[in-house]
$ cat upload09.pdb   # PDB, C-alpha atoms and all ligand atoms
ATOM      1  CA  MET A   1       0.000   0.000   0.000
ATOM      2  CA  ILE A   2       2.666   2.578   0.902
ATOM      3  CA  GLY A   3       4.771   3.914  -1.933
ATOM      4  CA  ARG A   4       7.755   6.244  -2.046
ATOM      5  CA  LEU A   5       9.391   7.794   0.997
ATOM      6  CA  ASN A   6       8.237  11.389   0.530
ATOM      7  CA  HIS A   7      10.364  12.874   3.306
ATOM      8  CA  VAL A   8      12.086  12.424   6.651
ATOM      9  CA  ALA A   9      11.127  15.165   9.117
ATOM     10  CA  ILE A  10      13.632  16.528  11.623
ATOM     11  CA  ALA A  11      12.352  18.718  14.453
ATOM     12  CA  VAL A  12      14.630  21.636  15.347
ATOM     13  CA  SER A  13      14.345  24.545  17.751
ATOM     14  CA  ASP A  14      16.378  26.941  15.564
ATOM     15  CA  LEU A  15      15.185  26.781  11.963
ATOM     16  CA  ASP A  16      17.746  29.296  10.669
ATOM     17  CA  ALA A  17      20.631  27.349  12.162
ATOM     18  CA  ALA A  18      19.268  24.062  10.770
ATOM     19  CA  THR A  19      18.802  25.629   7.326
ATOM     20  CA  ARG A  20      22.409  26.843   7.367
ATOM     21  CA  ILE A  21      23.652  23.355   8.278
ATOM     22  CA  TYR A  22      21.817  21.769   5.352
ATOM     23  CA  ARG A  23      22.462  24.596   2.852
ATOM     24  CA  ASP A  24      25.984  25.690   3.750
ATOM     25  CA  THR A  25      27.640  22.766   5.527
ATOM     26  CA  LEU A  26      25.995  19.907   3.619
ATOM     27  CA  GLY A  27      25.543  21.842   0.365
ATOM     28  CA  ALA A  28      21.899  20.942  -0.218
ATOM     29  CA  ARG A  29      19.163  22.889  -1.980
ATOM     30  CA  VAL A  30      16.681  24.278   0.550
ATOM     31  CA  SER A  31      13.271  25.947   0.157
ATOM     32  CA  ALA A  32      12.114  29.193   1.711
ATOM     33  CA  PRO A  33      10.439  28.778   5.134
ATOM     34  CA  LEU A  34       6.704  28.017   5.024
ATOM     35  CA  SER A  35       4.389  28.678   7.984
ATOM     36  CA  LEU A  36       1.677  26.081   8.570
ATOM     37  CA  PRO A  37      -0.460  27.535  11.387
ATOM     38  CA  GLU A  38      -2.972  24.668  11.161
ATOM     39  CA  HIS A  39      -0.128  22.250  11.994
ATOM     40  CA  GLY A  40       1.652  24.537  14.487
ATOM     41  CA  VAL A  41       4.956  24.403  12.614
ATOM     42  CA  ILE A  42       7.239  26.290  10.231
ATOM     43  CA  THR A  43       8.942  24.090   7.654
ATOM     44  CA  VAL A  44      11.930  24.265   5.347
ATOM     45  CA  PHE A  45      12.294  21.528   2.747
ATOM     46  CA  VAL A  46      15.698  20.187   1.786
ATOM     47  CA  GLU A  47      15.581  18.806  -1.755
ATOM     48  CA  LEU A  48      17.647  15.664  -2.283
ATOM     49  CA  PRO A  49      17.808  13.710  -5.530
ATOM     50  CA  ASN A  50      15.783  10.785  -4.151
ATOM     51  CA  THR A  51      13.697  12.284  -1.336
ATOM     52  CA  LYS A  52      13.306  15.337   0.895
ATOM     53  CA  ILE A  53      14.192  16.322   4.428
ATOM     54  CA  GLU A  54      11.574  18.417   6.217
ATOM     55  CA  LEU A  55      13.050  20.718   8.871
ATOM     56  CA  LEU A  56      10.288  21.478  11.382
ATOM     57  CA  ALA A  57      10.299  24.259  13.960
ATOM     58  CA  PRO A  58       7.491  25.110  16.392
ATOM     59  CA  LEU A  59       4.977  27.847  15.527
ATOM     60  CA  GLY A  60       2.714  29.217  18.244
ATOM     61  CA  GLU A  61       2.141  28.344  21.888
ATOM     62  CA  ASP A  62       0.872  24.772  21.674
ATOM     63  CA  SER A  63       2.883  23.433  18.770
ATOM     64  CA  PRO A  64       2.615  19.632  18.482
ATOM     65  CA  ILE A  65       6.430  19.417  18.336
ATOM     66  CA  ALA A  66       7.057  21.446  21.535
ATOM     67  CA  LYS A  67       7.082  18.345  23.777
ATOM     68  CA  PHE A  68       9.356  16.496  21.365
ATOM     69  CA  LEU A  69      11.857  19.375  21.449
ATOM     70  CA  ALA A  70      11.662  19.567  25.240
ATOM     71  CA  ARG A  71      12.752  15.893  25.307
ATOM     72  CA  ASN A  72      15.241  16.362  22.437
ATOM     73  CA  PRO A  73      16.740  19.852  22.791
ATOM     74  CA  ASP A  74      19.262  19.238  19.985
ATOM     75  CA  GLY A  75      16.443  18.215  17.638
ATOM     76  CA  GLY A  76      15.878  14.772  16.168
ATOM     77  CA  ILE A  77      14.023  12.652  13.640
ATOM     78  CA  HIS A  78      10.328  13.367  14.191
ATOM     79  CA  HIS A  79       8.447  11.393  11.522
ATOM     80  CA  LEU A  80       8.654   9.549   8.228
ATOM     81  CA  SER A  81       6.280  10.393   5.398
ATOM     82  CA  TYR A  82       5.147   7.701   2.960
ATOM     83  CA  GLU A  83       3.115   8.307  -0.163
ATOM     84  CA  VAL A  84      -0.210   6.557  -0.745
ATOM     85  CA  ASP A  85      -2.439   6.715  -3.810
ATOM     86  CA  ASP A  86      -5.720   7.160  -1.924
ATOM     87  CA  ILE A  87      -5.508   8.495   1.619
ATOM     88  CA  ILE A  88      -9.104   7.659   2.570
ATOM     89  CA  ALA A  89      -8.734   4.063   1.377
ATOM     90  CA  ALA A  90      -5.406   3.821   3.243
ATOM     91  CA  ARG A  91      -6.949   5.210   6.442
ATOM     92  CA  ASP A  92      -9.913   2.841   6.297
ATOM     93  CA  ARG A  93      -7.664  -0.156   5.710
ATOM     94  CA  LEU A  94      -5.370   0.817   8.613
ATOM     95  CA  LYS A  95      -8.300   1.378  10.969
ATOM     96  CA  ALA A  96      -9.669  -2.046  10.019
ATOM     97  CA  GLU A  97      -6.207  -3.455  10.912
ATOM     98  CA  GLY A  98      -6.513  -1.818  14.347
ATOM     99  CA  ALA A  99      -3.998   1.009  13.776
ATOM    100  CA  ARG A 100      -4.652   4.337  15.463
ATOM    101  CA  VAL A 101      -5.000   7.436  13.304
ATOM    102  CA  LEU A 102      -4.148  10.627  15.194
ATOM    103  CA  GLY A 103      -6.466  13.636  15.530
ATOM    104  CA  ASN A 104     -10.049  13.336  14.359
ATOM    105  CA  GLY A 105      -9.091  10.885  11.618
ATOM    106  CA  GLU A 106      -9.796  13.348   8.824
ATOM    107  CA  PRO A 107      -6.890  14.300   6.536
ATOM    108  CA  LYS A 108      -5.457  17.817   6.818
ATOM    109  CA  ILE A 109      -3.707  19.667   4.026
ATOM    110  CA  GLY A 110       0.061  19.303   4.519
ATOM    111  CA  ALA A 111       3.104  21.271   3.452
ATOM    112  CA  HIS A 112       2.796  20.228  -0.216
ATOM    113  CA  GLY A 113      -0.882  21.115  -0.526
ATOM    114  CA  LYS A 114      -1.783  17.401  -0.376
ATOM    115  CA  PRO A 115      -3.940  15.618   2.239
ATOM    116  CA  VAL A 116      -1.971  14.051   5.104
ATOM    117  CA  LEU A 117      -2.702  11.853   8.135
ATOM    118  CA  PHE A 118      -0.538  10.801  11.068
ATOM    119  CA  LEU A 119      -0.442   7.314  12.595
ATOM    120  CA  HIS A 120       0.294   6.459  16.220
ATOM    121  CA  PRO A 121       4.005   5.674  16.799
ATOM    122  CA  LYS A 122       3.135   2.806  19.164
ATOM    123  CA  ASP A 123       1.534   0.973  16.242
ATOM    124  CA  PHE A 124       4.492   1.552  13.881
ATOM    125  CA  CYS A 125       7.746   0.466  15.502
ATOM    126  CA  GLY A 126       8.015   3.551  17.708
ATOM    127  CA  THR A 127       8.020   5.939  14.754
ATOM    128  CA  LEU A 128       5.451   8.602  13.969
ATOM    129  CA  VAL A 129       4.260   7.920  10.414
ATOM    130  CA  GLU A 130       2.722  10.476   8.077
ATOM    131  CA  LEU A 131       0.766   9.359   5.044
ATOM    132  CA  GLU A 132       0.600  11.796   2.149
ATOM    133  CA  GLU A 133      -1.597  11.369  -0.880
ATOM    134  CA  ALA A 134       0.728  11.268  -3.882
TER
HETATM  135 CO    CO A 201       5.939  15.689   7.194
END
$ encode --input "upload09.pdb" --output "structure tokens" --more "lines below"
Ligand code: CO
Amino acid sequence: MIGRLNHVAIAVSDLDAATRIYRDTLGARVSAPLSLPEHGVITVFVELPNTKIELLAPLGEDSPIAKFLARNPDGGIHHLSYEVDDIIAARDRLKAEGARVLGNGEPKIGAHGKPVLFLHPKDFCGTLVELEEA
């Protein structure tokens, strides 16, 4: 059911510093920052030939990544994003398998303008999984 790895997300407390590391130290192509108030984050995408890295920094008071950064002050891998052809069909199949979909179970529009859902890390090898409709 899952297809390509769309991106690996890394949560950071200092987005400018993280952007410099990827752009200047590692020599990657990076996007301009994009605020996603509905998700409580600001993102910068690092474009690699085979996938992307999503740098995530908190936006607003109750950002969903605030707790993660409190536990991981240096930042860390936050989630993996896999592409699916049909996000509603994927969600219904996963729910039937007993997997927990986070939030109200309805897809939100993600950083690429595509519907996304998040799956409970306890059901997926301790890793937060994002599904993005390709
Ligand atoms: Co993501």
$ residues_around --input "upload09.pdb" --residues "range 68-74 of chain A" --least-positions-apart "6" --cutoff "8 Å" --atoms "all atoms listed in the file" --output "VMD selection string"
chain A and resid 11 to 13
$ closest_residue --input "upload09.pdb" --among "A:Thr43, A:Thr25, A:Asn50, A:Ser63" --to "ligand CO 201 (chain A)" --atoms "all atoms listed in the file"
A:Thr43
$ closest_residue --input "upload09.pdb" --among "A:Arg23, A:Arg29, A:His79, A:Arg4" --to "Cys125 in chain A" --atoms "all atoms listed in the file"
A:His79
$ atom_distance --input "upload09.pdb" --atom1 "CA of Ala18 in chain A" --atom2 "CA of Ile2 in chain A"
28.9 Å
$ resolve_selection --input "upload09.pdb" --expression "the PyMOL selection byres (((not hetatm)) within 8 of (chain A and resi 201))" --output "VMD selection string"
chain A and resid 7 to 9 54 79 to 81 110 to 111 130
$ write_last_selection --input "upload09.pdb" --atoms "C-alpha atoms" --output "PDB file, keeping the file's coordinate frame"
ATOM      1  CA  HIS A   7      10.364  12.874   3.306  1.00  0.00           C
ATOM      2  CA  VAL A   8      12.086  12.424   6.651  1.00  0.00           C
ATOM      3  CA  ALA A   9      11.127  15.165   9.117  1.00  0.00           C
ATOM      4  CA  GLU A  54      11.574  18.417   6.217  1.00  0.00           C
ATOM      5  CA  HIS A  79       8.447  11.393  11.522  1.00  0.00           C
ATOM      6  CA  LEU A  80       8.654   9.549   8.228  1.00  0.00           C
ATOM      7  CA  SER A  81       6.280  10.393   5.398  1.00  0.00           C
ATOM      8  CA  GLY A 110       0.061  19.303   4.519  1.00  0.00           C
ATOM      9  CA  ALA A 111       3.104  21.271   3.452  1.00  0.00           C
ATOM     10  CA  GLU A 130       2.722  10.476   8.077  1.00  0.00           C
TER      11      GLU A 130
END
$ resolve_selection --input "upload09.pdb" --expression "the PyMOL selection byres (((chain A and resi 88) around 12) and not hetatm)" --output "VMD selection string"
chain A and resid 84 to 87 89 to 95 101 105 to 108 115 to 117 131 to 133
$ closest_residue --input "upload09.pdb" --among "A:Phe45, A:His120, A:Ala134, A:Thr19" --to "Met1 in chain A" --atoms "all atoms listed in the file"
A:Ala134
$ atom_distance --input "upload09.pdb" --atom1 "CA of Gly113 in chain A" --atom2 "CA of Thr127 in chain A"
23.3 Å
$ atom_distance --input "upload09.pdb" --atom1 "CA of Ile21 in chain A" --atom2 "CA of Asp62 in chain A"
26.5 Å
$ closest_residue --input "upload09.pdb" --among "A:Val44, A:Ala99, A:Val30, A:Ala57" --to "Phe124 in chain A" --atoms "all atoms listed in the file"
A:Ala99
$ axis_aligned_box --input "upload09.pdb" --around "range 40-52 of chain A" --padding-each-side "8 Å" --output "lines of an AutoDock Vina configuration file"
center_x = 9.7
center_y = 18.5
center_z = 4.5
size_x = 32.2
size_y = 31.5
size_z = 36.0
$ closest_residue --input "upload09.pdb" --among "A:Ala66, A:Ala17, A:Ile109, A:Leu102" --to "Val41 in chain A" --atoms "all atoms listed in the file"
A:Ala66
$ closest_residue --input "upload09.pdb" --among "A:Ile10, A:Tyr82, A:Ala96, A:Gly27" --to "Leu56 in chain A" --atoms "all atoms listed in the file"
A:Ile10
$ resolve_selection --input "upload09.pdb" --expression "the PyMOL selection byres (((chain A and resi 33) around 7) and not hetatm)" --output "count of residues only"
7
$ decode --input "upload09.pdb" --residues "range 99-110 of chain A" --atoms "all heavy atoms" --output "PDB file, in the first residue's frame"
ATOM      1  N   ALA A  99      -4.972  -0.074  13.578  1.00  0.00           N
ATOM      2  CA  ALA A  99      -3.998   1.009  13.776  1.00  0.00           C
ATOM      3  C   ALA A  99      -4.735   2.278  14.188  1.00  0.00           C
ATOM      4  O   ALA A  99      -5.881   2.506  13.794  1.00  0.00           O
ATOM      5  CB  ALA A  99      -3.207   1.245  12.495  1.00  0.00           C
ATOM      6  N   ARG A 100      -4.056   3.096  14.987  1.00  0.00           N
ATOM      7  CA  ARG A 100      -4.652   4.337  15.463  1.00  0.00           C
ATOM      8  C   ARG A 100      -4.233   5.510  14.575  1.00  0.00           C
ATOM      9  O   ARG A 100      -3.041   5.735  14.366  1.00  0.00           O
ATOM     10  CB  ARG A 100      -4.219   4.611  16.899  1.00  0.00           C
ATOM     11  CG  ARG A 100      -4.920   3.730  17.908  1.00  0.00           C
ATOM     12  CD  ARG A 100      -4.242   3.746  19.256  1.00  0.00           C
ATOM     13  NE  ARG A 100      -3.022   2.933  19.243  1.00  0.00           N
ATOM     14  CZ  ARG A 100      -2.256   2.733  20.324  1.00  0.00           C
ATOM     15  NH1 ARG A 100      -2.567   3.310  21.468  1.00  0.00           N
ATOM     16  NH2 ARG A 100      -1.188   1.972  20.236  1.00  0.00           N
ATOM     17  N   VAL A 101      -5.233   6.226  14.085  1.00  0.00           N
ATOM     18  CA  VAL A 101      -5.000   7.436  13.304  1.00  0.00           C
ATOM     19  C   VAL A 101      -5.112   8.606  14.274  1.00  0.00           C
ATOM     20  O   VAL A 101      -6.045   8.665  15.068  1.00  0.00           O
ATOM     21  CB  VAL A 101      -6.048   7.552  12.180  1.00  0.00           C
ATOM     22  CG1 VAL A 101      -5.861   8.850  11.399  1.00  0.00           C
ATOM     23  CG2 VAL A 101      -5.959   6.350  11.246  1.00  0.00           C
ATOM     24  N   LEU A 102      -4.151   9.519  14.243  1.00  0.00           N
ATOM     25  CA  LEU A 102      -4.148  10.627  15.194  1.00  0.00           C
ATOM     26  C   LEU A 102      -5.165  11.701  14.793  1.00  0.00           C
ATOM     27  O   LEU A 102      -5.604  11.771  13.649  1.00  0.00           O
ATOM     28  CB  LEU A 102      -2.752  11.245  15.294  1.00  0.00           C
ATOM     29  CG  LEU A 102      -1.640  10.297  15.772  1.00  0.00           C
ATOM     30  CD1 LEU A 102      -0.342  11.060  15.982  1.00  0.00           C
ATOM     31  CD2 LEU A 102      -2.043   9.567  17.058  1.00  0.00           C
ATOM     32  N   GLY A 103      -5.519  12.545  15.777  1.00  0.00           N
ATOM     33  CA  GLY A 103      -6.466  13.636  15.530  1.00  0.00           C
ATOM     34  C   GLY A 103      -7.870  13.082  15.354  1.00  0.00           C
ATOM     35  O   GLY A 103      -8.219  12.048  15.916  1.00  0.00           O
ATOM     36  N   ASN A 104      -8.663  13.766  14.542  1.00  0.00           N
ATOM     37  CA  ASN A 104     -10.049  13.336  14.359  1.00  0.00           C
ATOM     38  C   ASN A 104     -10.184  12.328  13.218  1.00  0.00           C
ATOM     39  O   ASN A 104     -11.290  11.965  12.839  1.00  0.00           O
ATOM     40  CB  ASN A 104     -10.966  14.549  14.124  1.00  0.00           C
ATOM     41  CG  ASN A 104     -10.641  15.281  12.833  1.00  0.00           C
ATOM     42  OD1 ASN A 104      -9.775  14.845  12.055  1.00  0.00           O
ATOM     43  ND2 ASN A 104     -11.299  16.397  12.592  1.00  0.00           N
ATOM     44  N   GLY A 105      -9.056  11.906  12.670  1.00  0.00           N
ATOM     45  CA  GLY A 105      -9.091  10.885  11.618  1.00  0.00           C
ATOM     46  C   GLY A 105      -9.344  11.433  10.230  1.00  0.00           C
ATOM     47  O   GLY A 105      -9.320  10.692   9.254  1.00  0.00           O
ATOM     48  N   GLU A 106      -9.582  12.735  10.145  1.00  0.00           N
ATOM     49  CA  GLU A 106      -9.796  13.348   8.824  1.00  0.00           C
ATOM     50  C   GLU A 106      -8.484  13.945   8.334  1.00  0.00           C
ATOM     51  O   GLU A 106      -7.767  14.592   9.104  1.00  0.00           O
ATOM     52  CB  GLU A 106     -10.862  14.450   8.898  1.00  0.00           C
ATOM     53  CG  GLU A 106     -12.261  13.934   9.223  1.00  0.00           C
ATOM     54  CD  GLU A 106     -12.713  12.835   8.275  1.00  0.00           C
ATOM     55  OE1 GLU A 106     -12.496  12.980   7.052  1.00  0.00           O
ATOM     56  OE2 GLU A 106     -13.255  11.829   8.759  1.00  0.00           O
ATOM     57  N   PRO A 107      -8.139  13.744   7.057  1.00  0.00           N
ATOM     58  CA  PRO A 107      -6.890  14.300   6.536  1.00  0.00           C
ATOM     59  C   PRO A 107      -6.875  15.825   6.624  1.00  0.00           C
ATOM     60  O   PRO A 107      -7.914  16.470   6.482  1.00  0.00           O
ATOM     61  CB  PRO A 107      -6.893  13.863   5.062  1.00  0.00           C
ATOM     62  CG  PRO A 107      -7.870  12.751   4.969  1.00  0.00           C
ATOM     63  CD  PRO A 107      -8.880  12.965   6.060  1.00  0.00           C
ATOM     64  N   LYS A 108      -5.679  16.374   6.894  1.00  0.00           N
ATOM     65  CA  LYS A 108      -5.457  17.817   6.818  1.00  0.00           C
ATOM     66  C   LYS A 108      -4.583  18.076   5.597  1.00  0.00           C
ATOM     67  O   LYS A 108      -3.901  17.172   5.114  1.00  0.00           O
ATOM     68  CB  LYS A 108      -4.701  18.314   8.054  1.00  0.00           C
ATOM     69  CG  LYS A 108      -5.527  18.415   9.314  1.00  0.00           C
ATOM     70  CD  LYS A 108      -4.672  19.053  10.416  1.00  0.00           C
ATOM     71  CE  LYS A 108      -5.418  19.121  11.733  1.00  0.00           C
ATOM     72  NZ  LYS A 108      -4.545  19.651  12.806  1.00  0.00           N
ATOM     73  N   ILE A 109      -4.570  19.318   5.149  1.00  0.00           N
ATOM     74  CA  ILE A 109      -3.707  19.667   4.026  1.00  0.00           C
ATOM     75  C   ILE A 109      -2.297  19.928   4.567  1.00  0.00           C
ATOM     76  O   ILE A 109      -2.109  20.744   5.472  1.00  0.00           O
ATOM     77  CB  ILE A 109      -4.257  20.895   3.275  1.00  0.00           C
ATOM     78  CG1 ILE A 109      -5.643  20.566   2.688  1.00  0.00           C
ATOM     79  CG2 ILE A 109      -3.293  21.316   2.163  1.00  0.00           C
ATOM     80  CD1 ILE A 109      -5.657  19.368   1.734  1.00  0.00           C
ATOM     81  N   GLY A 110      -1.310  19.214   4.035  1.00  0.00           N
ATOM     82  CA  GLY A 110       0.061  19.303   4.519  1.00  0.00           C
ATOM     83  C   GLY A 110       0.885  20.340   3.772  1.00  0.00           C
ATOM     84  O   GLY A 110       0.358  21.166   3.016  1.00  0.00           O
TER      85      GLY A 110
END
